[in-house]
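Structure below is final.cif: mmCIF, C-alpha atoms and all ligand atoms.
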```
data_upload
#
loop_
_atom_site.group_PDB
_atom_site.id
_atom_site.type_symbol
_atom_site.label_atom_id
_atom_site.label_comp_id
_atom_site.auth_asym_id
_atom_site.auth_seq_id
_atom_site.Cartn_x
_atom_site.Cartn_y
_atom_site.Cartn_z
ATOM 1 C CA MET A 1 183.991 -16.904 -26.566
ATOM 2 C CA ILE A 2 182.706 -15.676 -23.199
ATOM 3 C CA GLY A 3 184.883 -18.193 -21.404
ATOM 4 C CA ARG A 4 188.021 -16.928 -23.118
ATOM 5 C CA SER A 5 187.448 -13.200 -22.374
ATOM 6 C CA LEU A 6 186.660 -14.093 -18.750
ATOM 7 C CA LYS A 7 189.983 -15.901 -18.539
ATOM 8 C CA ARG A 8 191.748 -12.856 -19.991
ATOM 9 C CA LEU A 9 190.010 -10.611 -17.424
ATOM 10 C CA HIS A 10 191.228 -12.855 -14.604
ATOM 11 C CA TRP A 11 194.741 -12.697 -15.991
ATOM 12 C CA GLN A 12 194.639 -8.863 -16.219
ATOM 13 C CA LEU A 13 193.240 -8.510 -12.702
ATOM 14 C CA GLY A 14 195.991 -10.782 -11.477
ATOM 15 C CA ILE A 15 198.673 -8.563 -13.008
ATOM 16 C CA ILE A 16 197.119 -5.410 -11.519
ATOM 17 C CA ALA A 17 196.915 -6.936 -8.036
ATOM 18 C CA PHE A 18 200.522 -8.086 -8.282
ATOM 19 C CA ALA A 19 201.667 -4.604 -9.367
ATOM 20 C CA ILE A 20 199.822 -2.984 -6.441
ATOM 21 C CA ALA A 21 201.394 -5.418 -3.992
ATOM 22 C CA ILE A 22 204.905 -4.693 -5.297
ATOM 23 C CA ALA A 23 204.331 -0.917 -5.266
ATOM 24 C CA SER A 24 203.052 -0.845 -1.684
ATOM 25 C CA LEU A 25 205.961 -3.019 -0.581
ATOM 26 C CA LEU A 26 208.415 -0.545 -2.133
ATOM 27 C CA ILE A 27 206.681 2.453 -0.519
ATOM 28 C CA LEU A 28 206.698 0.724 2.865
ATOM 29 C CA GLN A 29 210.391 -0.098 2.569
ATOM 30 C CA LYS A 30 211.250 3.462 1.610
ATOM 31 C CA SER A 31 209.396 5.002 4.557
ATOM 32 C CA GLU A 32 211.005 2.504 6.928
ATOM 33 C CA ARG A 33 214.400 3.492 5.601
ATOM 34 C CA SER A 34 213.741 7.201 6.098
ATOM 35 C CA ILE A 35 212.721 6.611 9.723
ATOM 36 C CA ARG A 36 215.484 4.268 10.725
ATOM 37 C CA SER A 37 219.048 4.310 9.632
ATOM 38 C CA SER A 38 221.108 1.530 11.012
ATOM 39 C CA SER A 39 224.759 1.306 11.861
ATOM 40 C CA ALA A 40 226.509 -1.596 13.533
ATOM 41 C CA GLY A 41 223.207 -3.369 14.075
ATOM 42 C CA LYS A 42 221.822 -0.587 16.292
ATOM 43 C CA SER A 43 218.464 0.961 15.525
ATOM 44 C CA TYR A 44 218.180 4.739 15.180
ATOM 45 C CA VAL A 45 215.072 6.915 15.020
ATOM 46 C CA LYS A 46 214.907 10.577 14.091
ATOM 47 C CA VAL A 47 213.657 13.173 16.612
ATOM 48 C CA ALA A 48 210.848 15.190 14.997
ATOM 49 C CA LYS A 49 210.002 17.551 17.855
ATOM 50 C CA VAL A 50 211.478 18.589 21.187
ATOM 51 C CA ILE A 51 208.643 18.995 23.689
ATOM 52 C CA ASP A 52 210.714 20.130 26.686
ATOM 53 C CA GLY A 53 213.976 19.428 28.485
ATOM 54 C CA ASP A 54 213.213 15.762 29.050
ATOM 55 C CA THR A 55 210.620 14.780 26.418
ATOM 56 C CA VAL A 56 210.708 14.430 22.620
ATOM 57 C CA ARG A 57 208.508 13.144 19.808
ATOM 58 C CA LEU A 58 210.075 10.759 17.317
ATOM 59 C CA ARG A 59 209.405 10.734 13.592
ATOM 60 C CA ASP A 60 207.492 7.461 13.984
ATOM 61 C CA GLY A 61 205.078 9.249 16.358
ATOM 62 C CA ARG A 62 206.292 7.833 19.674
ATOM 63 C CA ILE A 63 206.685 10.247 22.599
ATOM 64 C CA VAL A 64 209.837 9.548 24.589
ATOM 65 C CA ARG A 65 210.294 10.604 28.223
ATOM 66 C CA TYR A 66 213.924 10.458 29.339
ATOM 67 C CA ILE A 67 214.410 8.134 32.311
ATOM 68 C CA GLY A 68 215.971 9.261 35.588
ATOM 69 C CA ILE A 69 215.949 13.011 35.040
ATOM 70 C CA ASP A 70 213.497 15.880 35.434
ATOM 71 C CA ALA A 71 213.697 19.169 33.540
ATOM 72 C CA PRO A 72 211.582 22.230 34.454
ATOM 73 C CA GLU A 73 208.012 22.234 33.141
ATOM 74 C CA VAL A 74 206.289 25.042 31.198
ATOM 75 C CA GLY A 75 206.052 28.209 33.271
ATOM 76 C CA LYS A 76 208.810 27.165 35.685
ATOM 77 C CA PRO A 77 212.179 28.928 35.819
ATOM 78 C CA PHE A 78 214.713 27.547 33.369
ATOM 79 C CA TYR A 79 212.104 25.725 31.260
ATOM 80 C CA LYS A 80 213.170 27.427 28.036
ATOM 81 C CA GLU A 81 216.903 27.000 28.603
ATOM 82 C CA ALA A 82 216.433 23.285 29.273
ATOM 83 C CA LYS A 83 214.320 22.853 26.133
ATOM 84 C CA VAL A 84 216.915 24.679 24.021
ATOM 85 C CA ALA A 85 219.698 22.513 25.467
ATOM 86 C CA ASN A 86 217.748 19.359 24.632
ATOM 87 C CA SER A 87 217.068 20.681 21.100
ATOM 88 C CA LYS A 88 220.744 21.350 20.515
ATOM 89 C CA LEU A 89 221.496 17.754 21.421
ATOM 90 C CA VAL A 90 218.781 15.831 19.570
ATOM 91 C CA PHE A 91 216.511 17.898 17.281
ATOM 92 C CA ARG A 92 216.350 16.295 13.797
ATOM 93 C CA LYS A 93 219.095 13.893 14.845
ATOM 94 C CA ASN A 94 218.949 10.126 14.780
ATOM 95 C CA VAL A 95 218.856 8.762 18.302
ATOM 96 C CA ARG A 96 219.210 5.312 19.809
ATOM 97 C CA LEU A 97 217.004 4.202 22.690
ATOM 98 C CA GLU A 98 217.888 1.984 25.630
ATOM 99 C CA PHE A 99 215.202 0.756 28.003
ATOM 100 C CA ASP A 100 214.964 -0.095 31.685
ATOM 101 C CA VAL A 101 212.433 -2.221 33.585
ATOM 102 C CA GLN A 102 209.328 -0.256 32.535
ATOM 103 C CA LYS A 103 208.966 0.441 28.809
ATOM 104 C CA PHE A 104 206.110 2.954 29.200
ATOM 105 C CA ASP A 105 204.877 5.442 31.794
ATOM 106 C CA ARG A 106 201.225 5.816 32.790
ATOM 107 C CA HIS A 107 200.686 8.364 29.988
ATOM 108 C CA GLY A 108 201.803 5.807 27.397
ATOM 109 C CA ARG A 109 205.085 7.586 26.744
ATOM 110 C CA VAL A 110 208.138 5.473 25.971
ATOM 111 C CA LEU A 111 210.621 5.544 28.867
ATOM 112 C CA ALA A 112 214.163 5.510 27.539
ATOM 113 C CA TYR A 113 217.824 6.347 27.885
ATOM 114 C CA VAL A 114 218.654 8.286 24.723
ATOM 115 C CA TYR A 115 221.933 8.338 22.811
ATOM 116 C CA VAL A 116 222.913 10.613 19.941
ATOM 117 C CA GLY A 117 225.959 10.448 17.703
ATOM 118 C CA ARG A 118 228.508 13.251 17.904
ATOM 119 C CA GLY A 119 231.366 12.659 15.513
ATOM 120 C CA LYS A 120 232.554 9.130 16.174
ATOM 121 C CA GLU A 121 231.278 9.166 19.723
ATOM 122 C CA GLU A 122 227.877 8.714 21.261
ATOM 123 C CA VAL A 123 226.486 11.209 23.776
ATOM 124 C CA PHE A 124 224.247 9.889 26.573
ATOM 125 C CA VAL A 125 221.586 12.609 26.410
ATOM 126 C CA ASN A 126 219.928 11.992 29.811
ATOM 127 C CA ALA A 127 223.311 12.217 31.550
ATOM 128 C CA GLU A 128 224.504 15.200 29.522
ATOM 129 C CA LEU A 129 221.457 17.291 30.486
ATOM 130 C CA VAL A 130 222.083 16.597 34.186
ATOM 131 C CA ARG A 131 225.821 17.223 33.826
ATOM 132 C CA LEU A 132 225.179 20.632 32.246
ATOM 133 C CA GLY A 133 222.637 21.542 34.919
ATOM 134 C CA TYR A 134 219.574 21.591 32.628
ATOM 135 C CA ALA A 135 217.802 18.763 34.448
ATOM 136 C CA LYS A 136 217.778 17.280 37.923
ATOM 137 C CA ALA A 137 218.439 13.656 38.747
ATOM 138 C CA TYR A 138 215.037 12.154 39.406
ATOM 139 C CA THR A 139 214.930 8.453 40.154
ATOM 140 C CA VAL A 140 211.651 6.594 39.882
ATOM 141 C CA PRO A 141 212.031 2.908 40.819
ATOM 142 C CA PRO A 142 212.193 0.336 39.319
ATOM 143 C CA ASN A 143 214.001 2.238 36.529
ATOM 144 C CA VAL A 144 217.289 2.806 38.330
ATOM 145 C CA LYS A 145 219.978 1.554 35.934
ATOM 146 C CA TYR A 146 221.932 4.856 35.864
ATOM 147 C CA ALA A 147 220.631 6.489 39.063
ATOM 148 C CA ASN A 148 224.091 6.668 40.658
ATOM 149 C CA LEU A 149 225.605 8.240 37.555
ATOM 150 C CA PHE A 150 222.892 10.931 37.445
ATOM 151 C CA VAL A 151 223.362 11.791 41.139
ATOM 152 C CA LYS A 152 227.123 12.022 40.641
ATOM 153 C CA LEU A 153 226.731 14.309 37.599
ATOM 154 C CA GLN A 154 224.195 16.436 39.456
ATOM 155 C CA ARG A 155 226.643 16.932 42.308
ATOM 156 C CA GLU A 156 229.232 18.056 39.760
ATOM 157 C CA ALA A 157 226.751 20.519 38.162
ATOM 158 C CA MET A 158 225.821 21.918 41.582
ATOM 159 C CA GLU A 159 229.418 22.365 42.652
ATOM 160 C CA LYS A 160 230.278 24.116 39.396
ATOM 161 C CA GLY A 161 227.089 26.218 39.622
ATOM 162 C CA ARG A 162 225.926 25.229 36.135
ATOM 163 C CA GLY A 163 222.484 25.933 34.629
ATOM 164 C CA LEU A 164 219.764 25.421 37.209
ATOM 165 C CA TRP A 165 222.349 25.648 39.970
ATOM 166 C CA ARG A 166 223.854 28.944 38.806
ATOM 167 C CA ASN A 167 222.576 31.079 41.648
ATOM 168 C CA LYS A 168 222.043 28.349 44.172
ATOM 169 C CA ALA A 169 225.656 28.020 45.279
ATOM 170 C CA SER A 170 225.430 31.368 47.031
ATOM 171 C CA GLY A 171 221.800 31.002 48.129
ATOM 172 C CA ARG A 172 221.204 32.480 51.562
ATOM 173 C CA GLY A 173 218.469 32.362 54.099
ATOM 174 C CA ARG A 174 216.906 29.533 55.908
ATOM 175 C CA TYR A 175 215.528 26.749 53.807
ATOM 176 C CA ILE A 176 213.079 24.571 55.653
ATOM 177 C CA ALA A 177 213.154 20.803 55.265
ATOM 178 C CA ASN A 178 210.730 18.134 56.339
ATOM 179 C CA LYS A 179 212.466 15.174 58.010
ATOM 180 C CA ARG A 180 209.509 12.931 57.253
ATOM 181 C CA THR A 181 209.040 13.645 53.507
ATOM 182 C CA LEU A 182 212.718 14.529 52.818
ATOM 183 C CA ILE A 183 211.564 17.607 50.869
ATOM 184 C CA PHE A 184 212.864 21.137 51.484
ATOM 185 C CA HIS A 185 211.170 24.481 50.813
ATOM 186 C CA ARG A 186 211.673 28.199 50.552
ATOM 187 C CA PRO A 187 210.677 29.894 53.819
ATOM 188 C CA THR A 188 207.735 31.508 51.994
ATOM 189 C CA CYS A 189 206.249 28.225 50.733
ATOM 190 C CA PRO A 190 202.817 27.397 52.211
ATOM 191 C CA TYR A 191 203.944 23.780 52.643
ATOM 192 C CA ALA A 192 206.940 24.902 54.703
ATOM 193 C CA ARG A 193 204.643 26.538 57.232
ATOM 194 C CA LYS A 194 202.630 23.331 57.617
ATOM 195 C CA ILE A 195 205.589 21.197 58.712
ATOM 196 C CA ALA A 196 205.183 20.114 62.333
ATOM 197 C CA SER A 197 208.040 21.491 64.440
ATOM 198 C CA PRO A 198 209.528 18.079 65.403
ATOM 199 C CA ASN A 199 209.936 17.375 61.655
ATOM 200 C CA ARG A 200 211.533 20.722 60.806
ATOM 201 C CA LEU A 201 215.152 21.084 59.801
ATOM 202 C CA PHE A 202 216.927 24.213 58.513
ATOM 203 C CA PHE A 203 219.553 24.616 55.827
ATOM 204 C CA ASN A 204 221.474 27.681 54.684
ATOM 205 C CA SER A 205 221.381 26.773 50.998
ATOM 206 C CA PRO A 206 219.631 24.383 48.608
ATOM 207 C CA ILE A 207 222.984 22.701 47.969
ATOM 208 C CA GLU A 208 223.447 22.010 51.648
ATOM 209 C CA ALA A 209 219.955 20.493 51.788
ATOM 210 C CA MET A 210 220.514 18.347 48.704
ATOM 211 C CA LYS A 211 223.875 17.119 49.961
ATOM 212 C CA ALA A 212 222.050 15.961 53.074
ATOM 213 C CA GLY A 213 219.711 13.913 50.870
ATOM 214 C CA TYR A 214 216.722 16.255 50.698
ATOM 215 C CA ARG A 215 214.998 17.107 47.434
ATOM 216 C CA PRO A 216 213.491 20.452 46.401
ATOM 217 C CA CYS A 217 209.758 21.077 46.635
ATOM 218 C CA ARG A 218 208.206 21.140 43.154
ATOM 219 C CA GLU A 219 205.838 23.917 44.220
ATOM 220 C CA CYS A 220 208.229 26.604 45.510
ATOM 221 C CA ASN A 221 211.243 25.359 43.502
ATOM 222 C CA PRO A 222 213.976 26.331 46.006
HETATM 223 ZN ZN ZN A 301 207.662 24.270 48.874
#
```
How would this structure read if it were set down as structure tokens?
Amino acid sequence: MIGRSLKRLHWQLGIIAFAIAIASLLILQKSERSIRSSSAGKSYVKVAKVIDGDTVRLRDGRIVRYIGIDAPEVGKPFYKEAKVANSKLVFRKNVRLEFDVQKFDRHGRVLAYVYVGRGKEEVFVNAELVRLGYAKAYTVPPNVKYANLFVKLQREAMEKGRGLWRNKASGRGRYIANKRTLIFHRPTCPYARKIASPNRLFFNSPIEAMKAGYRPCRECNP
């Protein structure tokens, strides 16, 4: 008598465990599907939040820092415009990631080239932000796969006076560059005054300095 009811209990427990396993499998599958939609074997992930002009958070929780570009940070000129431009491209859209040599930066963010569908085409987000003048080309070796493309698009944005470069084409005054660090400054920047005279070089505009291979100081933002 006891033996038989024990057997029945085992049988019932077995059914319950099996049902739980099936249910959790279904839930897992469903959430996977809502995160990733796949077309032509490529994996897509939805962007849940745009943090700034070069960083987003994906629906699966990963933070992605775009490789090879640098958009203005909070409090810097053009921060908001760059963030809005990035939002227009990727917010709540499914994006595809491509990687370079390093998969993560020192903050644990995923380093990626990001692509988003637009009609039947795919837009290369990193490149588009540079092309429109919302971000600067910013190469950090060893992740250099598209460095030449970004520099070329930046030159185009500068020449057309787009976004960040809007008022720079007609910039006047003497910008001061450091031959040793290859950085240039506004004349009022405290770092500019510290440059030893043999290392000093003057430019009439930021564009002129950048064409000569110098990059803008991140402090005075010339
Ligand atoms: Zn400076």
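Counting all atoms listed in the file, the residue from A:Leu58, A:Ile69, A:Met210, A:Ala82 that sits nearest to Asn126 (chain A) is A:Ile69.
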- Message: I need the output of the PyMOL selection byres (((chain A and resi 46) around 12) and not hetatm) for this file as a PyMOL selection string; which residues are they?
- Response: chain A and resi 32-38+43-45+47-50+56-64+90-97+114-117
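Between CA of Val84 (chain A) and CA of Asn148 (chain A) the interatomic distance comes to 25.5 Å.
Based on all atoms listed in the file, the protein and nucleic acid residues found within 6 Å of ligand ZN 301 (chain A) are, by chain and then by number, His185, Arg186, Cys189, Tyr191, Ala192, Cys217, Glu219 and Cys220 of chain A.
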- Do you have the CA of Leu129 (chain A)-CA of Lys179 (chain A) distance handy? 29.0 Å
- Task: May I have the protein, DNA and RNA residues with an atom at most 12 Å from (221.5, 12.4, 40.3), counting only C-alpha atoms in the file's coordinates, returned as number ranges by chain?
- Result: A: 67-70, 126-131, 133, 135-140, 144-158, 210-211, 213, 215
- Message: Using Å and a single decimal, report how far CA of Gly108 (chain A) sits from CA of Val123 (chain A).
- Response: 25.5 Å
- Name the residues that the PyMOL selection byres (((chain A and resi 183) around 7) and not hetatm) pulls out of this structure, and write them as number ranges by chain. A: 177-178, 181-182, 184-185, 214-217
Got time to write the residues from that selection, C-alpha atoms, as a PDB file, in the frame of the given file?
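What landed in result_22.pdb:
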```pdb
ATOM      1  CA  ALA A 177     213.154  20.803  55.265  1.00  0.00           C
ATOM      2  CA  ASN A 178     210.730  18.134  56.339  1.00  0.00           C
ATOM      3  CA  THR A 181     209.040  13.645  53.507  1.00  0.00           C
ATOM      4  CA  LEU A 182     212.718  14.529  52.818  1.00  0.00           C
ATOM      5  CA  PHE A 184     212.864  21.137  51.484  1.00  0.00           C
ATOM      6  CA  HIS A 185     211.170  24.481  50.813  1.00  0.00           C
ATOM      7  CA  TYR A 214     216.722  16.255  50.698  1.00  0.00           C
ATOM      8  CA  ARG A 215     214.998  17.107  47.434  1.00  0.00           C
ATOM      9  CA  PRO A 216     213.491  20.452  46.401  1.00  0.00           C
ATOM     10  CA  CYS A 217     209.758  21.077  46.635  1.00  0.00           C
TER      11      CYS A 217
END
```
- Message: Quick one: residues within 9 Å of Arg174 (chain A), all atoms listed in the file, excluding same-chain residues fewer than 4 positions away - as a PyMOL selection string?
- Response: chain A and resi 186-187+202-205
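Picked by the PyMOL selection byres (((chain A and resi 163) around 7) and not hetatm) from the coordinates shown: Leu132, Gly133, Tyr134, Gly161, Arg162, Leu164, Trp165 and Arg166 of chain A.
Restricting the calculation to only C-alpha atoms, the smallest distance between Tyr175 (chain A) and any of A:Ala209, A:Ala85, A:Val125, A:Val110 is found for A:Ala209.
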